[in-house]
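The next block is input_15.txt, given as compact mmCIF, C-alpha atoms.
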# COMPACT_ATOMS: atom_id res chain seq x y z
CA MET A 1464 196.51 203.52 218.54
CA GLN A 1465 196.89 199.73 218.47
CA GLN A 1466 199.13 198.56 215.64
CA ARG A 1467 197.48 196.39 212.99
CA PRO A 1468 198.97 192.90 212.59
CA VAL A 1469 200.35 192.25 209.10
CA ILE A 1470 198.29 189.63 207.27
CA GLY A 1471 199.74 188.17 204.09
CA ILE A 1472 197.29 187.26 201.33
CA SER A 1473 198.29 184.94 198.49
CA CYS A 1474 197.19 185.85 194.98
CA SER A 1475 196.63 184.36 191.53
CA THR A 1476 198.85 184.65 188.48
CA LEU A 1477 197.30 185.53 185.14
CA ALA A 1478 199.02 183.74 182.28
CA ALA A 1479 200.76 185.78 179.59
CA GLN A 1480 198.31 184.67 176.90
CA GLU A 1481 195.45 186.15 178.95
CA VAL A 1482 196.92 189.62 179.48
CA GLY A 1483 199.50 190.24 176.77
CA ASP A 1484 203.21 189.56 176.79
CA HIS A 1485 203.78 189.18 180.54
CA ARG A 1486 202.36 187.58 183.67
CA ARG A 1487 200.30 189.59 186.15
CA PHE A 1488 199.49 188.93 189.78
CA ALA A 1489 195.84 189.42 190.69
CA LEU A 1490 193.63 189.40 193.79
CA PRO A 1491 189.96 190.39 194.18
CA ASP A 1492 189.69 193.37 196.52
CA TYR A 1493 187.20 191.49 198.74
CA TYR A 1494 190.08 189.81 200.57
CA VAL A 1495 191.78 193.12 201.27
CA GLU A 1496 188.55 194.69 202.52
CA CYS A 1497 187.85 191.74 204.82
CA VAL A 1498 191.32 191.90 206.39
CA LEU A 1499 191.09 195.68 206.83
CA THR A 1500 187.61 195.46 208.35
CA ALA A 1501 188.85 192.81 210.79
CA GLY A 1502 191.66 195.11 211.95
CA GLY A 1503 194.60 193.70 210.00
CA LEU A 1504 197.04 195.28 207.56
CA PRO A 1505 196.85 193.32 204.27
CA LEU A 1506 200.02 192.49 202.35
CA VAL A 1507 199.56 190.79 198.97
CA LEU A 1508 202.11 188.04 198.30
CA PRO A 1509 203.08 187.32 194.67
CA SER A 1510 204.06 183.72 193.94
CA ILE A 1511 207.78 184.21 193.34
CA GLY A 1512 208.98 180.73 194.22
CA PRO A 1513 208.97 178.49 197.31
CA GLU A 1514 212.52 179.52 198.20
CA HIS A 1515 211.17 182.94 199.19
CA ALA A 1516 208.34 181.70 201.44
CA ALA A 1517 210.40 181.72 204.64
CA ALA A 1518 211.52 185.31 204.07
CA TYR A 1519 207.91 186.42 203.68
CA LEU A 1520 206.87 184.68 206.89
CA THR A 1521 209.44 186.65 208.93
CA ARG A 1522 207.51 189.80 207.96
CA LEU A 1523 204.00 188.49 208.67
CA ASP A 1524 201.82 188.00 211.74
CA GLY A 1525 199.19 185.90 209.94
CA LEU A 1526 198.30 184.47 206.54
CA VAL A 1527 195.23 184.16 204.31
CA LEU A 1528 195.40 181.69 201.42
CA SER A 1529 193.03 182.96 198.74
CA GLY A 1530 190.95 181.05 196.20
CA GLY A 1531 191.82 180.54 192.56
CA GLY A 1532 192.42 177.89 189.94
CA ASP A 1533 192.91 174.15 190.25
CA VAL A 1534 195.81 172.57 192.12
CA ASP A 1535 198.34 170.56 190.12
CA PRO A 1536 197.68 166.88 191.00
CA HIS A 1537 201.40 166.09 190.81
CA THR A 1538 201.75 167.95 194.12
CA PHE A 1539 199.90 165.07 195.79
CA GLY A 1540 201.14 162.24 193.60
CA GLU A 1541 198.32 161.82 191.08
CA GLU A 1542 197.93 162.12 187.32
CA PRO A 1543 195.59 164.82 185.93
CA HIS A 1544 191.88 164.11 185.61
CA PRO A 1545 190.31 164.91 182.18
CA GLU A 1546 188.27 167.71 183.80
CA LEU A 1547 191.29 169.37 185.42
CA GLY A 1548 191.39 173.11 184.74
CA LEU A 1549 194.34 175.47 184.39
CA VAL A 1550 197.05 174.96 186.99
CA ASP A 1551 199.95 177.11 188.20
CA ARG A 1552 202.64 174.88 189.69
CA ARG A 1553 204.74 177.86 190.74
CA ARG A 1554 201.87 179.17 192.85
CA ASP A 1555 201.15 175.69 194.23
CA ASP A 1556 204.75 175.14 195.36
CA PHE A 1557 204.98 178.63 196.88
CA GLU A 1558 201.75 178.28 198.87
CA ILE A 1559 202.51 174.74 200.04
CA GLU A 1560 205.84 176.00 201.39
CA LEU A 1561 204.05 178.91 203.09
CA CYS A 1562 201.71 176.42 204.78
CA ARG A 1563 204.59 174.28 206.00
CA GLY A 1564 206.27 177.34 207.46
CA VAL A 1565 203.03 178.49 209.09
CA ARG A 1566 202.62 175.06 210.66
CA GLU A 1567 206.16 175.06 212.02
CA GLN A 1568 205.90 178.61 213.37
CA ARG A 1569 202.30 178.19 214.58
CA MET A 1570 201.33 181.33 212.68
CA PRO A 1571 197.57 182.01 212.38
CA LEU A 1572 196.11 180.91 209.05
CA LEU A 1573 192.79 181.23 207.24
CA ALA A 1574 192.61 179.17 204.01
CA ILE A 1575 189.80 179.78 201.51
CA CYS A 1576 188.51 177.48 198.73
CA ARG A 1577 191.62 176.38 196.80
CA GLY A 1578 193.49 177.46 199.95
CA VAL A 1579 192.00 174.66 202.05
CA GLN A 1580 193.08 172.19 199.36
CA VAL A 1581 196.64 173.57 199.46
CA LEU A 1582 196.58 173.36 203.26
CA ASN A 1583 195.56 169.71 203.05
CA ILE A 1584 198.37 168.92 200.60
CA ALA A 1585 200.91 170.65 202.85
CA TYR A 1586 199.87 168.27 205.65
CA GLY A 1587 200.31 165.26 203.37
CA GLY A 1588 196.73 164.97 202.13
CA ALA A 1589 195.21 164.82 198.65
CA VAL A 1590 192.56 166.56 196.55
CA ILE A 1591 189.42 165.33 194.79
CA GLN A 1592 190.16 166.55 191.26
CA HIS A 1593 186.57 166.57 189.96
CA ILE A 1594 183.68 166.13 192.39
CA PRO A 1595 181.06 164.91 189.85
CA ALA A 1596 183.36 162.03 188.85
CA GLU A 1597 184.58 161.03 192.31
CA VAL A 1598 181.69 161.65 194.71
CA GLU A 1599 178.58 159.47 194.81
CA SER A 1600 175.35 161.45 194.34
CA PRO A 1601 177.02 164.87 194.51
CA ILE A 1602 175.14 168.11 195.01
CA ARG A 1603 175.98 171.17 192.88
CA HIS A 1604 179.18 172.75 194.19
CA THR A 1605 179.82 174.97 191.15
CA GLN A 1606 177.28 177.65 191.91
CA GLN A 1607 175.49 179.16 188.90
CA ALA A 1608 174.31 182.34 190.58
CA VAL A 1609 174.54 185.84 189.15
CA ARG A 1610 175.82 187.14 192.48
CA ARG A 1611 178.69 185.21 194.01
CA SER A 1612 177.52 186.31 197.44
CA ALA A 1613 174.35 184.20 197.02
CA LEU A 1614 174.03 181.21 199.36
CA SER A 1615 174.05 177.80 197.73
CA HIS A 1616 173.95 174.77 200.06
CA SER A 1617 174.01 173.78 203.71
CA ILE A 1618 176.96 172.42 205.67
CA ASP A 1619 177.11 170.41 208.89
CA VAL A 1620 179.61 171.73 211.43
CA VAL A 1621 181.44 169.66 214.06
CA GLU A 1622 180.78 170.67 217.65
CA GLY A 1623 183.77 171.99 219.60
CA SER A 1624 185.66 173.22 216.53
CA HIS A 1625 186.77 176.81 215.89
CA LEU A 1626 184.17 176.94 213.13
CA HIS A 1627 181.42 175.76 215.47
CA GLY A 1628 182.15 178.67 217.78
CA MET A 1629 181.97 181.13 214.90
CA VAL A 1630 178.81 179.66 213.37
CA GLY A 1631 177.12 179.38 216.75
CA GLY A 1632 175.58 176.04 215.83
CA THR A 1633 176.03 172.82 213.90
CA GLN A 1634 174.60 173.93 210.56
CA THR A 1635 174.79 176.92 208.26
CA THR A 1636 174.48 177.75 204.55
CA VAL A 1637 177.35 178.86 202.31
CA ASN A 1638 178.10 179.99 198.75
CA SER A 1639 180.02 177.59 196.52
CA PHE A 1640 182.29 177.82 193.43
CA HIS A 1641 184.49 174.74 193.10
CA HIS A 1642 184.77 171.40 191.37
CA GLN A 1643 187.75 170.25 193.44
CA ALA A 1644 187.82 169.61 197.19
CA ALA A 1645 190.00 168.17 199.92
CA GLY A 1646 190.16 164.38 199.63
CA ARG A 1647 192.35 162.17 201.82
CA VAL A 1648 192.92 164.28 204.93
CA GLY A 1649 196.48 165.17 205.85
CA GLU A 1650 197.93 164.02 209.17
CA GLY A 1651 197.25 166.58 211.90
CA LEU A 1652 194.12 168.03 210.30
CA GLU A 1653 190.52 167.35 211.30
CA VAL A 1654 187.36 167.65 209.24
CA THR A 1655 185.13 170.24 210.90
CA ALA A 1656 182.37 170.67 208.29
CA THR A 1657 180.88 168.66 205.42
CA ALA A 1658 178.31 169.24 202.69
CA PRO A 1659 175.19 167.02 202.43
CA ASP A 1660 177.03 164.76 199.95
CA GLY A 1661 179.99 164.28 202.31
CA VAL A 1662 182.36 166.68 200.53
CA ILE A 1663 184.73 168.32 203.03
CA GLU A 1664 183.82 171.96 203.63
CA ALA A 1665 186.25 172.81 206.45
CA LEU A 1666 189.51 171.56 207.93
CA GLU A 1667 191.30 172.64 211.10
CA ASP A 1668 194.53 171.85 212.92
CA PRO A 1669 193.42 171.43 216.55
CA ALA A 1670 197.02 171.68 217.78
CA HIS A 1671 197.42 175.11 216.17
CA PRO A 1672 196.32 178.43 217.77
CA PHE A 1673 194.24 179.29 214.67
CA CYS A 1674 194.41 177.18 211.52
CA VAL A 1675 191.05 177.09 209.73
CA GLY A 1676 190.38 176.22 206.10
CA VAL A 1677 186.96 176.61 204.45
CA GLN A 1678 185.83 175.47 201.01
CA TRP A 1679 183.39 178.32 200.36
CA HIS A 1680 184.11 182.02 199.70
CA PRO A 1681 183.38 184.05 202.84
CA GLU A 1682 185.20 187.09 201.40
CA ARG A 1683 182.31 187.53 198.95
CA ARG A 1684 179.96 188.18 201.90
CA LEU A 1685 181.65 191.06 203.72
CA ASP A 1686 178.64 191.88 205.91
CA ASP A 1687 177.95 188.29 206.92
CA PRO A 1688 178.62 187.54 210.63
CA LEU A 1689 180.43 184.29 209.77
CA THR A 1690 182.72 186.07 207.32
CA GLN A 1691 183.52 188.68 209.93
CA ALA A 1692 184.16 186.00 212.55
CA LEU A 1693 186.55 184.09 210.26
CA PHE A 1694 188.64 187.12 209.35
CA ARG A 1695 188.49 188.54 212.87
CA GLY A 1696 189.64 185.13 214.11
CA VAL A 1697 192.83 185.10 212.06
CA VAL A 1698 193.55 188.80 212.70
CA GLU A 1699 193.02 188.59 216.47
CA ALA A 1700 195.10 185.41 216.68
CA ALA A 1701 197.83 187.20 214.71
CA ARG A 1702 197.62 190.17 217.06
CA SER A 1703 198.07 187.88 220.06
CA VAL A 1704 201.07 186.16 218.48
CA ALA A 1705 202.65 189.50 217.54
CA HIS A 1706 202.07 190.84 221.04
CA ALA A 1707 203.59 187.75 222.64
CA GLY A 1708 206.62 188.00 220.34
CA ALA A 1709 207.08 191.66 221.16
I need this file expressed as structure tokens, please.
Amino acid sequence: MQQRPVIGISCSTLAAQEVGDHRRFALPDYYVECVLTAGGLPLVLPSIGPEHAAAYLTRLDGLVLSGGGDVDPHTFGEEPHPELGLVDRRRDDFEIELCRGVREQRMPLLAICRGVQVLNIAYGGAVIQHIPAEVESPIRHTQQAVRRSALSHSIDVVEGSHLHGMVGGTQTTVNSFHHQAAGRVGEGLEVTATAPDGVIEALEDPAHPFCVGVQWHPERRLDDPLTQALFRGVVEAARSVAHAGA
């Protein structure tokens, strides 16, 4: 039986005031199911400090950066916007360091929602802190649907990108739950999808075997072909890297 590549998945931290007298690490099971379905072995990574990121990476074949709360604007040199939500600087620093290690090691990466923003920061980019205040004529990006699997708005996909190959065309429709987005693009990344209002919906590192970040939540649509292609992409790339290393 072919061994499953180990895919790390970052997770959120629930503040003590939300859950009692201690912090808790949390991750929706959708991410785990998507990695398992794609053929990987999921390993949830608690945010225990950036100094531990390198040790984690020695045990992984690939990485998924999950969604979650807002990113601390001090990580990209800005002051907080009035509409900034709760931030977790410990998680930010840990995931940024993971991204830098992934880039150096050329480890396969799939970054989702807040994850694509963290990816952009790790490459030296910035984040739009509140889309309604910073984007001209914005569409609704904070979806108000009962089911988070419901599709929300279209995106335009750049030909020749990894995402283009997975979509099978230059346009598709995605779900959407965010008020932040990637802003100034980090050096080495390319925009591979945008929303109708110009908001960045996907970033890729073309020099990397598989480094794809998307602003929507594919994990909420387990049976969707694009979701399966995204998770299969990172798992198969991780399998190839693990096989080459072996």
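Taking all atoms listed in the file into account, Gly1540 of chain A lies nearest to A:Gly1588 out of the set A:Ala1658, A:Gly1588, A:Leu1582, A:Arg1552.
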- Query: So which one's closest to Ser1703 of chain A, A:Arg1553, A:Val1581, A:Met1570, A:Cys1474? Using only C-alpha atoms, please.
  - Reply: A:Met1570
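If you measure from each of A:Ala1589, A:Val1621, A:Val1598, A:Val1527 to Thr1633 of chain A using all atoms listed in the file, the closest one turns out to be A:Val1621.
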- Coordinates-based distance that separates atom CA of His1642 of chain A from atom CA of Leu1689 of chain A (Å, one decimal): 22.9 Å
- Item | Given all atoms listed in the file as the counted atoms, nearest of A:Ala1645, A:Leu1490, A:Val1507, A:Val1637 to Gln1580 of chain A | A:Ala1645
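Each of A:Ala1585, A:Ala1517, A:Val1677, A:Val1697 was checked against Gly1649 of chain A using only C-alpha atoms; the smallest atom-to-atom distance is that of A:Ala1585.
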- Message: Just want the 8 Å neighbourhood of Thr1538 of chain A, counted on only C-alpha atoms, with same-chain residues fewer than 6 positions away dropped. Output as a ChimeraX atom specification.
- Response: /A:1555-1556,1584
Writer output for current selection, C-alpha atoms, as an mmCIF file, keeping the file's coordinate frame:
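Full text of again_15.cif as output:
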data_model
loop_
_atom_site.group_PDB
_atom_site.id
_atom_site.type_symbol
_atom_site.label_atom_id
_atom_site.label_comp_id
_atom_site.auth_asym_id
_atom_site.auth_seq_id
_atom_site.Cartn_x
_atom_site.Cartn_y
_atom_site.Cartn_z
ATOM 1 C CA ASP A 1555 201.150 175.690 194.230
ATOM 2 C CA ASP A 1556 204.750 175.140 195.360
ATOM 3 C CA ILE A 1584 198.370 168.920 200.600
#
- Message: So the first atom is atom CA of Gly1471 of chain A and the second is atom CA of Glu1558 of chain A; what is the distance between them in Å, to one decimal place?
- Response: 11.4 Å
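Straight-line separation from atom CA of Val1590 of chain A to atom CA of Val1654 of chain A: 13.8 Å.
Within a radius of 12 Å around (179.6, 166.0, 210.5), the polymer residues are Ser1617, Ile1618, Asp1619, Val1620, Val1621, Glu1622, Gly1623, Ser1624, His1627, Thr1633, Gln1634, Glu1653, Val1654, Thr1655, Ala1656, Thr1657, Ala1658, Pro1659, Asp1660, Gly1661, Val1662, Ile1663, Glu1664, Ala1665 and Leu1666 of chain A, counting only C-alpha atoms.
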